[in-house]
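Okay, protein-v6.txt now, which holds compact mmCIF, C-alpha atoms:
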```txt
# COMPACT_ATOMS: atom_id res chain seq x y z
CA MET A 931 30.56 -50.95 -32.84
CA ASP A 932 30.81 -52.24 -29.29
CA PRO A 933 27.33 -52.28 -27.66
CA LEU A 934 28.63 -50.45 -24.58
CA GLU A 935 30.22 -47.73 -26.70
CA ALA A 936 26.95 -47.41 -28.63
CA LEU A 937 25.03 -47.03 -25.35
CA VAL A 938 27.43 -44.32 -24.17
CA ALA A 939 26.88 -42.50 -27.48
CA GLN A 940 23.11 -42.66 -26.96
CA ILE A 941 23.48 -41.32 -23.43
CA GLN A 942 25.54 -38.41 -24.74
CA GLY A 943 23.01 -37.65 -27.46
CA LEU A 944 19.79 -38.03 -25.45
CA SER A 945 20.39 -36.01 -22.28
CA SER A 946 19.48 -32.46 -23.33
CA THR A 947 15.67 -32.19 -23.28
CA SER A 948 13.07 -33.86 -21.06
CA SER A 949 11.60 -35.79 -24.01
CA ASP A 950 15.07 -37.07 -24.95
CA VAL A 951 15.74 -38.09 -21.34
CA ASN A 952 12.44 -40.01 -21.19
CA ARG A 953 13.37 -41.81 -24.42
CA LEU A 954 16.83 -42.57 -22.99
CA HIS A 955 15.20 -43.96 -19.85
CA SER A 956 13.33 -46.55 -21.93
CA ILE A 957 16.57 -47.54 -23.68
CA LEU A 958 18.45 -47.86 -20.38
CA LYS A 959 15.73 -50.03 -18.83
CA GLN A 960 15.99 -52.42 -21.77
CA ALA A 961 19.80 -52.46 -21.50
CA ASP A 962 19.88 -52.98 -17.73
CA ASP A 963 20.45 -56.75 -17.81
CA SER A 964 23.24 -56.49 -20.39
CA LEU A 965 24.90 -53.74 -18.30
CA ARG A 966 24.92 -55.99 -15.26
CA SER A 967 26.46 -58.83 -17.24
CA GLU A 968 29.31 -56.49 -18.22
CA SER A 969 29.78 -54.96 -14.75
CA THR A 970 33.58 -55.35 -14.74
CA ARG A 971 33.96 -53.23 -17.91
CA LEU A 972 31.70 -50.35 -16.90
CA PHE A 973 33.70 -48.19 -14.50
CA PRO A 974 36.12 -46.77 -17.17
CA LEU A 975 33.12 -45.70 -19.31
CA LEU A 976 32.12 -43.14 -16.67
CA THR A 977 35.03 -40.91 -17.70
CA GLN A 978 33.23 -40.26 -21.01
CA LEU A 979 30.12 -38.87 -19.26
CA ASP A 980 29.43 -35.63 -17.43
CA PRO A 981 27.43 -36.45 -14.24
CA SER A 982 25.72 -33.04 -14.27
CA ILE A 983 24.47 -33.46 -17.89
CA HIS A 984 24.25 -37.23 -18.35
CA SER A 985 22.94 -37.95 -14.85
CA LEU A 986 20.49 -40.71 -15.77
CA GLY A 987 22.91 -42.66 -17.96
CA PHE A 988 25.74 -42.15 -15.49
CA LEU A 989 23.48 -43.51 -12.73
CA TYR A 990 22.59 -46.69 -14.64
CA ILE A 991 26.22 -47.47 -15.50
CA LEU A 992 27.47 -46.60 -12.01
CA GLU A 993 24.82 -48.76 -10.30
CA ALA A 994 25.55 -51.75 -12.58
CA SER A 995 29.31 -51.39 -11.99
CA MET A 996 28.84 -51.61 -8.20
CA ILE A 997 27.07 -54.97 -8.02
CA GLY A 998 28.77 -57.74 -6.10
CA PRO A 999 31.27 -57.68 -3.22
CA VAL A 1000 34.10 -55.14 -3.20
CA THR A 1001 37.55 -55.00 -1.62
CA LYS A 1002 38.90 -52.06 0.35
CA THR A 1003 41.04 -51.08 -2.66
CA GLN A 1004 38.01 -51.04 -4.96
CA ALA A 1005 36.00 -49.09 -2.38
CA GLU A 1006 38.79 -46.50 -2.13
CA THR A 1007 38.40 -45.89 -5.86
CA ALA A 1008 34.60 -45.97 -5.98
CA VAL A 1009 33.78 -43.70 -3.01
CA PRO A 1010 35.16 -40.44 -4.53
CA THR A 1011 33.40 -41.18 -7.85
CA VAL A 1012 30.03 -41.80 -6.17
CA ALA A 1013 30.39 -38.76 -3.90
CA SER A 1014 31.25 -36.56 -6.90
CA PHE A 1015 28.26 -37.91 -8.85
CA ILE A 1016 25.83 -37.26 -5.99
CA GLY A 1017 27.03 -33.67 -5.72
CA ALA A 1018 26.81 -32.95 -9.45
CA CYS A 1019 23.79 -34.98 -10.64
CA SER A 1020 20.51 -33.48 -11.82
CA LYS A 1021 17.72 -34.19 -9.33
CA GLU A 1022 15.14 -34.19 -12.14
CA GLN A 1023 16.97 -37.03 -13.90
CA ILE A 1024 17.80 -39.19 -10.88
CA ARG A 1025 14.17 -39.03 -9.70
CA LEU A 1026 13.25 -40.98 -12.86
CA ALA A 1027 15.12 -43.95 -11.40
CA PRO A 1028 14.86 -43.56 -7.61
CA ASP A 1029 15.54 -47.26 -6.92
CA LYS A 1030 18.85 -47.07 -8.80
CA PHE A 1031 19.81 -43.92 -6.92
CA LEU A 1032 18.93 -45.50 -3.58
CA SER A 1033 20.99 -48.56 -4.46
CA VAL A 1034 24.06 -46.44 -5.28
CA CYS A 1035 23.70 -44.42 -2.07
CA LYS A 1036 23.31 -47.51 0.10
CA ARG A 1037 26.39 -49.07 -1.47
CA LEU A 1038 28.27 -45.86 -0.75
CA LYS A 1039 27.24 -46.24 2.88
CA ASP A 1040 28.42 -49.86 2.93
CA GLN A 1041 31.76 -48.94 1.37
CA VAL A 1042 32.62 -46.07 3.74
CA ILE A 1043 31.82 -48.41 6.64
CA LEU A 1044 34.08 -51.03 5.03
CA LEU A 1045 36.83 -48.39 4.88
CA GLU A 1046 36.16 -47.56 8.56
CA ALA A 1047 35.61 -43.94 7.54
CA PRO A 1048 31.84 -43.33 7.92
CA ILE A 1049 32.38 -39.56 8.01
CA ARG A 1050 33.23 -39.67 4.29
CA GLY A 1051 29.63 -40.60 3.52
CA VAL A 1052 27.87 -38.03 5.72
CA ALA A 1053 27.95 -35.01 3.35
CA PRO A 1054 27.17 -37.02 0.16
CA LEU A 1055 24.17 -38.77 1.75
CA PHE A 1056 22.82 -35.48 3.09
CA THR A 1057 23.00 -34.04 -0.45
CA ALA A 1058 21.43 -37.22 -1.84
CA LEU A 1059 18.42 -37.24 0.46
CA ARG A 1060 17.73 -33.56 -0.23
CA LYS A 1061 17.81 -34.23 -3.99
CA LEU A 1062 15.53 -37.24 -3.62
CA GLN A 1063 13.02 -35.41 -1.40
CA VAL A 1064 9.94 -34.00 -3.09
CA SER A 1065 9.51 -31.70 -0.06
CA SER A 1066 11.01 -31.30 3.42
CA GLU A 1067 7.98 -33.22 4.77
CA HIS A 1068 8.97 -36.34 2.80
CA LEU A 1069 10.87 -39.10 4.64
CA THR A 1070 13.11 -40.97 2.20
CA PRO A 1071 14.83 -44.35 2.75
CA LEU A 1072 18.12 -42.38 2.79
CA HIS A 1073 17.26 -40.55 6.02
CA SER A 1074 18.01 -43.57 8.19
CA GLU A 1075 21.20 -44.36 6.25
CA PHE A 1076 22.38 -40.76 6.73
CA LEU A 1077 21.60 -40.82 10.46
CA LEU A 1078 23.44 -44.14 10.85
CA LEU A 1079 26.60 -42.62 9.37
CA CYS A 1080 26.18 -39.58 11.64
CA LEU A 1081 26.03 -41.94 14.61
CA LEU A 1082 29.04 -43.99 13.56
CA SER A 1083 31.12 -40.86 12.91
CA LYS A 1084 29.74 -39.05 16.00
CA CYS A 1085 28.56 -36.13 13.82
CA TYR A 1086 25.53 -35.61 16.07
CA LYS A 1087 25.06 -31.94 15.24
CA THR A 1088 24.94 -32.71 11.51
CA GLY A 1089 22.30 -35.36 12.14
CA LEU A 1090 20.12 -32.86 14.00
CA SER A 1091 19.71 -30.89 10.77
CA VAL A 1092 17.17 -33.39 9.37
CA LEU A 1093 15.50 -34.15 12.69
CA ASP A 1094 14.01 -30.66 12.93
CA ASP A 1095 11.89 -31.26 9.79
CA ASP A 1096 8.22 -32.11 10.24
CA VAL A 1097 7.55 -35.46 8.55
CA PHE A 1098 4.14 -36.21 7.03
CA GLU A 1099 4.99 -38.50 4.08
CA VAL A 1100 6.61 -41.93 4.59
CA ASP A 1101 7.37 -44.41 1.82
CA HIS A 1102 7.91 -47.50 4.01
CA PRO A 1103 7.13 -48.10 7.72
CA ARG A 1104 10.65 -49.45 8.31
CA ASP A 1105 12.08 -46.08 7.24
CA LEU A 1106 10.09 -44.35 9.98
CA PHE A 1107 11.14 -46.87 12.64
CA LEU A 1108 14.84 -46.50 11.80
CA TYR A 1109 14.64 -42.73 11.36
CA CYS A 1110 13.11 -42.26 14.81
CA TYR A 1111 15.39 -44.84 16.45
CA TYR A 1112 18.64 -43.46 15.03
CA GLY A 1113 17.35 -39.92 15.55
CA GLY A 1114 16.66 -40.68 19.19
CA MET A 1115 20.21 -41.97 19.61
CA ILE A 1116 21.66 -38.84 18.01
CA CYS A 1117 19.62 -36.63 20.36
CA ILE A 1118 20.86 -38.70 23.30
CA GLY A 1119 24.43 -38.10 22.12
CA HIS A 1120 23.69 -34.37 21.98
CA LYS A 1121 21.97 -34.42 25.42
CA ARG A 1122 18.64 -33.34 23.86
CA PHE A 1123 16.68 -35.80 25.96
CA GLN A 1124 13.19 -34.39 25.36
CA LYS A 1125 13.58 -34.63 21.59
CA ALA A 1126 15.05 -38.13 22.01
CA LEU A 1127 12.06 -39.11 24.12
CA ASP A 1128 9.65 -37.86 21.45
CA LEU A 1129 11.38 -39.81 18.69
CA LEU A 1130 11.63 -43.05 20.68
CA HIS A 1131 7.98 -42.61 21.70
CA ASN A 1132 7.09 -42.56 17.99
CA VAL A 1133 8.79 -45.94 17.54
CA VAL A 1134 7.12 -47.75 20.44
CA THR A 1135 3.65 -46.35 19.70
CA ALA A 1136 3.73 -46.70 15.89
CA PRO A 1137 1.29 -49.18 14.29
CA MET A 1138 2.83 -52.67 14.13
CA PRO A 1139 1.06 -56.00 13.59
CA THR A 1140 3.86 -57.83 15.43
CA ILE A 1141 6.78 -56.78 17.63
CA ASN A 1142 9.96 -55.95 15.72
CA ALA A 1143 13.57 -55.70 16.89
CA ILE A 1144 13.73 -51.94 16.30
CA ALA A 1145 10.77 -51.32 18.63
CA VAL A 1146 12.30 -53.54 21.34
CA GLU A 1147 15.63 -51.68 21.27
CA ALA A 1148 13.81 -48.34 21.16
CA TYR A 1149 11.72 -49.30 24.19
CA LYS A 1150 14.85 -50.06 26.22
CA LYS A 1151 16.24 -46.61 25.48
CA TYR A 1152 12.78 -45.06 25.95
CA ILE A 1153 12.72 -46.33 29.55
CA LEU A 1154 16.22 -45.01 30.27
CA VAL A 1155 15.65 -41.60 28.69
CA SER A 1156 12.32 -41.25 30.53
CA LEU A 1157 14.15 -41.74 33.83
CA ILE A 1158 16.87 -39.25 32.90
CA ARG A 1159 14.49 -36.61 31.54
CA ASN A 1160 11.43 -36.99 33.80
CA GLY A 1161 12.69 -38.96 36.79
CA GLN A 1162 9.92 -41.54 36.31
CA PHE A 1163 8.55 -44.09 33.87
CA SER A 1164 5.06 -45.44 33.31
CA ILE A 1165 4.82 -48.99 32.00
CA SER A 1166 1.42 -48.25 30.45
CA LEU A 1167 1.59 -47.18 26.80
CA PRO A 1168 -0.99 -44.76 25.33
CA LYS A 1169 -4.25 -46.24 24.03
CA TYR A 1170 -3.30 -45.46 20.44
CA SER A 1171 -0.33 -47.87 20.66
CA SER A 1172 -0.68 -51.18 18.87
CA SER A 1173 -2.04 -54.08 20.87
CA ALA A 1174 1.14 -56.04 20.07
CA ALA A 1175 3.26 -53.33 21.71
CA GLN A 1176 1.01 -53.00 24.75
CA ARG A 1177 1.02 -56.76 25.37
CA ASN A 1178 4.58 -57.75 24.57
CA LEU A 1179 7.14 -54.94 24.68
CA LYS A 1180 7.71 -55.02 28.43
CA ASN A 1181 8.30 -58.79 28.33
CA PHE A 1182 11.34 -58.26 26.08
CA CYS A 1183 12.75 -55.54 28.36
CA LEU A 1184 12.30 -56.88 31.89
CA PRO A 1185 15.75 -55.80 33.22
CA TYR A 1186 14.93 -52.23 32.16
CA VAL A 1187 11.46 -52.32 33.72
CA GLU A 1188 13.03 -53.57 36.97
CA LEU A 1189 15.59 -50.77 36.74
CA ALA A 1190 12.74 -48.24 36.53
CA ASN A 1191 11.10 -49.85 39.57
CA SER A 1192 14.37 -49.60 41.51
CA TYR A 1193 14.75 -45.97 40.43
CA SER A 1194 11.29 -45.11 41.75
CA THR A 1195 12.36 -45.96 45.32
CA GLY A 1196 14.80 -43.06 45.32
CA LYS A 1197 17.50 -45.19 46.99
CA VAL A 1198 20.81 -44.72 45.21
CA ALA A 1199 22.53 -47.70 46.88
CA GLU A 1200 19.80 -50.11 45.71
CA LEU A 1201 19.90 -48.71 42.18
CA GLU A 1202 23.70 -49.00 41.97
CA ALA A 1203 23.56 -52.57 43.28
CA TYR A 1204 20.97 -53.51 40.63
CA VAL A 1205 23.05 -51.91 37.87
CA LYS A 1206 26.16 -53.76 39.04
CA THR A 1207 24.29 -57.08 39.06
CA ASN A 1208 22.94 -56.58 35.52
CA ALA A 1209 25.92 -54.68 34.05
CA GLU A 1210 26.72 -57.48 31.60
CA LYS A 1211 23.19 -57.40 30.16
CA PHE A 1212 23.20 -53.60 29.80
CA GLU A 1213 26.64 -53.69 28.20
CA SER A 1214 25.61 -56.36 25.69
CA ASP A 1215 22.75 -54.04 24.67
CA ASN A 1216 25.23 -51.13 24.32
CA ASN A 1217 23.21 -49.25 26.93
CA LEU A 1218 25.59 -49.29 29.91
CA GLY A 1219 26.67 -45.68 29.36
CA LEU A 1220 23.05 -44.55 29.31
CA VAL A 1221 22.31 -46.60 32.43
CA LYS A 1222 25.15 -44.81 34.23
CA GLN A 1223 23.52 -41.51 33.26
CA VAL A 1224 20.31 -42.81 34.85
CA VAL A 1225 22.18 -43.40 38.12
CA SER A 1226 23.70 -39.92 37.92
CA SER A 1227 20.27 -38.40 37.28
CA MET A 1228 18.98 -39.88 40.55
CA TYR A 1229 21.38 -37.66 42.47
CA LYS A 1230 19.96 -34.69 40.57
CA ARG A 1231 16.37 -35.74 41.32
CA ASN A 1232 17.16 -36.05 45.02
CA ILE A 1233 18.78 -32.61 45.03
CA GLN A 1234 15.75 -31.17 43.23
CA ARG A 1235 13.49 -32.61 45.93
CA LEU A 1236 15.52 -30.71 48.54
CA THR A 1237 14.69 -27.42 46.79
CA GLN A 1238 11.01 -28.06 47.51
CA THR A 1239 11.68 -28.40 51.25
CA TYR A 1240 14.58 -26.13 52.16
CA LEU A 1241 15.57 -22.52 51.44
CA THR A 1242 19.18 -23.01 52.57
CA LEU A 1243 21.19 -26.16 53.16
CA SER A 1244 24.88 -26.92 53.66
CA LEU A 1245 26.87 -28.89 51.09
CA GLN A 1246 27.62 -31.44 53.83
CA ASP A 1247 23.88 -31.97 54.45
CA ILE A 1248 23.22 -32.28 50.71
CA ALA A 1249 26.00 -34.86 50.38
CA SER A 1250 24.70 -36.98 53.25
CA THR A 1251 21.03 -36.70 52.22
CA VAL A 1252 21.52 -37.69 48.58
CA GLN A 1253 24.28 -40.19 49.43
CA LEU A 1254 27.24 -38.48 47.77
CA ASN A 1255 30.78 -39.17 48.94
CA SER A 1256 31.79 -35.63 49.94
CA PRO A 1257 30.67 -31.97 50.10
CA LYS A 1258 32.97 -31.30 47.13
CA GLU A 1259 31.09 -33.84 45.02
CA ALA A 1260 27.80 -32.27 46.13
CA GLU A 1261 29.12 -28.86 45.08
CA MET A 1262 30.01 -30.16 41.61
CA HIS A 1263 26.52 -31.62 41.18
CA VAL A 1264 24.83 -28.40 42.30
CA LEU A 1265 27.03 -26.25 40.03
CA GLN A 1266 26.28 -28.46 37.03
CA MET A 1267 22.55 -28.32 37.74
CA ILE A 1268 22.68 -24.51 38.03
CA GLN A 1269 24.54 -24.34 34.72
CA ASP A 1270 21.97 -26.61 33.02
CA GLY A 1271 19.07 -24.55 34.42
CA GLU A 1272 17.71 -27.50 36.41
CA ILE A 1273 17.73 -25.57 39.70
CA TYR A 1274 18.20 -21.95 40.72
CA ALA A 1275 20.63 -21.49 43.60
CA THR A 1276 23.74 -19.70 44.89
CA ILE A 1277 26.65 -21.23 46.80
CA ASN A 1278 28.43 -19.33 49.56
CA GLN A 1279 32.03 -20.51 49.33
CA LYS A 1280 32.92 -19.23 52.80
CA ASP A 1281 30.50 -21.31 54.86
CA GLY A 1282 29.55 -23.94 52.27
CA MET A 1283 25.87 -23.03 52.32
CA VAL A 1284 23.55 -23.38 49.33
CA ARG A 1285 20.64 -20.98 48.97
CA PHE A 1286 17.80 -22.17 46.74
CA LEU A 1287 16.03 -19.49 44.66
CA GLU A 1288 12.81 -19.12 42.70
CA ASP A 1289 12.77 -19.27 38.90
CA PRO A 1290 13.94 -15.77 37.83
CA GLU A 1291 12.10 -15.93 34.49
CA GLN A 1292 9.18 -13.45 34.53
CA TYR A 1293 7.91 -14.49 31.08
CA LYS A 1294 7.60 -10.89 29.92
CA THR A 1295 10.86 -10.24 28.08
CA CYS A 1296 10.87 -9.60 24.33
CA GLU A 1297 12.77 -12.85 23.72
CA MET A 1298 10.25 -14.89 25.69
CA ILE A 1299 7.28 -13.25 23.96
CA GLU A 1300 8.86 -14.02 20.56
CA HIS A 1301 9.44 -17.62 21.64
CA ILE A 1302 5.83 -18.04 22.79
CA ASP A 1303 4.52 -16.42 19.59
CA SER A 1304 6.63 -18.68 17.35
CA SER A 1305 5.40 -21.73 19.30
CA ILE A 1306 1.78 -20.64 18.83
CA GLN A 1307 2.33 -20.10 15.09
CA ARG A 1308 3.91 -23.54 14.77
CA ILE A 1309 1.00 -25.21 16.59
CA MET A 1310 -1.52 -23.39 14.38
CA ALA A 1311 0.30 -24.52 11.24
CA LEU A 1312 0.39 -28.09 12.56
CA SER A 1313 -3.34 -27.93 13.31
CA ARG A 1314 -4.10 -26.83 9.74
CA LYS A 1315 -1.94 -29.61 8.36
CA LEU A 1316 -3.64 -32.25 10.52
CA THR A 1317 -7.07 -30.99 9.49
CA ALA A 1318 -6.12 -31.25 5.82
CA MET A 1319 -4.74 -34.77 6.32
CA ASP A 1320 -7.88 -35.83 8.18
CA GLU A 1321 -10.06 -34.60 5.32
CA GLN A 1322 -7.84 -36.39 2.80
CA ILE A 1323 -8.00 -39.69 4.69
CA SER A 1324 -11.76 -39.33 5.16
CA CYS A 1325 -12.16 -39.31 1.37
CA ASP A 1326 -9.71 -42.13 0.67
CA GLN A 1327 -11.48 -45.11 -0.89
CA LEU A 1328 -9.10 -47.72 0.59
CA TYR A 1329 -9.57 -46.32 4.08
CA LEU A 1330 -13.35 -46.08 3.74
CA SER A 1331 -13.66 -49.66 2.48
CA LYS A 1332 -11.44 -51.00 5.30
CA ALA A 1333 -13.24 -48.95 7.95
CA GLY A 1334 -16.59 -50.10 6.58
CA ARG A 1335 -15.64 -53.77 6.84
CA GLU A 1336 -14.44 -53.43 10.42
CA ARG A 1337 -17.34 -51.33 11.64
CA GLN A 1338 -20.45 -52.84 13.18
CA ARG A 1339 -23.39 -53.11 10.85
CA TYR A 1340 -25.38 -50.62 12.90
CA ASP A 1341 -23.86 -48.00 15.14
CA PHE A 1342 -26.66 -46.51 17.27
CA ASP A 1343 -24.48 -43.55 18.19
CA ASP A 1344 -25.11 -42.30 14.63
CA PHE A 1345 -28.87 -42.14 15.20
CA ASP A 1346 -31.02 -40.03 17.43
CA VAL A 1347 -32.75 -42.84 19.33
CA PRO A 1348 -34.82 -41.59 22.32
CA GLN A 1349 -34.44 -43.55 25.54
CA LYS A 1350 -38.11 -43.09 26.37
CA PHE A 1351 -41.14 -41.42 24.88
CA ASN A 1352 -42.75 -38.42 26.42
CA ILE A 1353 -46.55 -38.69 26.44
```
Take the structure I supplied and represent it as structure tokens, if you would.
Amino acid sequence: MDPLEALVAQIQGLSSTSSDVNRLHSILKQADDSLRSESTRLFPLLTQLDPSIHSLGFLYILEASMIGPVTKTQAETAVPTVASFIGACSKEQIRLAPDKFLSVCKRLKDQVILLEAPIRGVAPLFTALRKLQVSSEHLTPLHSEFLLLCLLSKCYKTGLSVLDDDVFEVDHPRDLFLYCYYGGMICIGHKRFQKALDLLHNVVTAPMPTINAIAVEAYKKYILVSLIRNGQFSISLPKYSSSAAQRNLKNFCLPYVELANSYSTGKVAELEAYVKTNAEKFESDNNLGLVKQVVSSMYKRNIQRLTQTYLTLSLQDIASTVQLNSPKEAEMHVLQMIQDGEIYATINQKDGMVRFLEDPEQYKTCEMIEHIDSSIQRIMALSRKLTAMDEQISCDQLYLSKAGRERQRYDFDDFDVPQKFNI
């Protein structure tokens, strides 16, 4: 009997109970090298297996059949098979071989990109990461792959679905860097600048022994989003940032630091001149569109400053003060800012006057009370989680041994040493 046919028969016979599946897993691990050597003969064997019942065996054969480079024609055949398997497979079985499952999913990502159809991989990878997750707090290596496909296919809203999860468990640091970087880009695409700022902040302040390319690119976008969202940027990173980031990040992003300095002057003409001079650099970084949003945000900041000084102002005065080309352009900016809730104002169309108003929110509606209450509940839950994690780390032997080696031999803060004796 052909060895491959015999293996298929074993897969069919040992996929019913957990003990049988564990026994099958041992057989498959021993047969892995021989499967790879027969990779060109494997794909037709998959028709004899049910991916929902024979998930582990199907996974081993599928992964071995996908080694090596593929053509567009081969990818066109493989993508539907992989997507169907991911949707039907048993999560209990694929978790026995997570590396194999990750390999299959990453090859699916590569193949849909090869076919120039990244959207075909979005739904399968979302299903895959949920099946691989032990809990919603677990960050898998598939999160970043999923977010990359969301970016390439411009499915920003779909990508947001995993960014709302609270992450506490990370397998590899690189997964966190890419998850936050791609997540920040998705939030930028969806105009959720505060969330984008939080995610990019996580990248630039994460522990890193040396500077990496992901942190450098994140820092560039962090500067730009800070200007758009807050109208300012501080070059000083928080104390909990790595020393490598505090010393070196700004040196890799000097054009962006200079852009922030130009922005701080409040002079639109100078900012536009700087952008024009460095447009080629920003474009090579794929950040020119975001830089243009920074320039646009300066007009908004200058209009917001007017609300702190004037109660009423004509559109003509607004246009000349903030250096817009015409009253009509000023009107469009003001209307957009009113719509986005950035200012509160009314425009009299007859005389072209703008009346600035106070924030109408009284913070006493039922909806606002519910929002405040849900925020408080979320913070309390987060506090409990952090307390539990702190206690867990405090008892971890690896942490205690490392902390003990790095600590001074005697720490006088731990002892009650009087400064002088009372006689």
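Counting from CA of Ile997 (chain A), the distance to CA of Ile1016 (chain A) is 17.9 Å.
Minimum atom-to-atom distance to Ala1203 (chain A), evaluated using only C-alpha atoms, belongs to A:Leu1189 out of A:Cys1110, A:Val1133, A:Leu1189, A:Leu958.
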Residue nearest Leu989 (chain A) among A:Leu954, A:Leu972, A:Val1034, A:Leu1077 (counting only C-alpha atoms):
A:Val1034
Tell me, as a PyMOL selection string, which residues lie within 9 Å of Phe1098 (chain A), counting all atoms listed in the file; anything in the same chain fewer than 2 positions away does not count.
chain A and resi 1067-1069+1096+1100
How big is the axis-aligned box around the listed atoms of region 1126-1134 of chain A once 4 Å is added on each side, and where is its centre? Give both in Å to one decimal, as lines of an AutoDock Vina configuration file.
```
center_x = 11.1
center_y = -42.8
center_z = 20.8
size_x = 16.0
size_y = 17.9
size_z = 14.6
```
Residues at most 10 Å from Leu1201 (chain A), counting all atoms listed in the file, excluding those fewer than 2 positions away in the same chain, as a PyMOL selection string?
chain A and resi 1188-1199+1203-1207+1224-1225+1228
Show me, as number ranges by chain, the residues that have an atom within 12 Å of region 1134-1140 of chain A when counting all atoms listed in the file, minus same-chain residues fewer than 4 positions from it.
A: 1103-1104, 1106-1108, 1110-1111, 1114, 1127-1130, 1144-1153, 1165-1180
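Candidate residues A:Ser995, A:Thr1007, A:Ser945, A:Ser967 were compared for distance to Ile983 (chain A), and the nearest is A:Ser945, using all atoms listed in the file.
Counting from CA of Tyr1274 (chain A), the distance to CA of Ser1227 (chain A) is 16.9 Å.
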Could you list, as a PyMOL selection string, every residue within 12 Å of Gly987 (chain A), counting only C-alpha atoms and ignoring same-chain residues fewer than 4 positions away?
chain A and resi 934+937-945+950-959+961-962+965+972+975-976+978-983+991-994+1015+1019-1020+1023-1024+1026-1027+1030-1031
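Counting from CA of Gln1327 (chain A), the distance to CA of Val1097 (chain A) is 23.3 Å.
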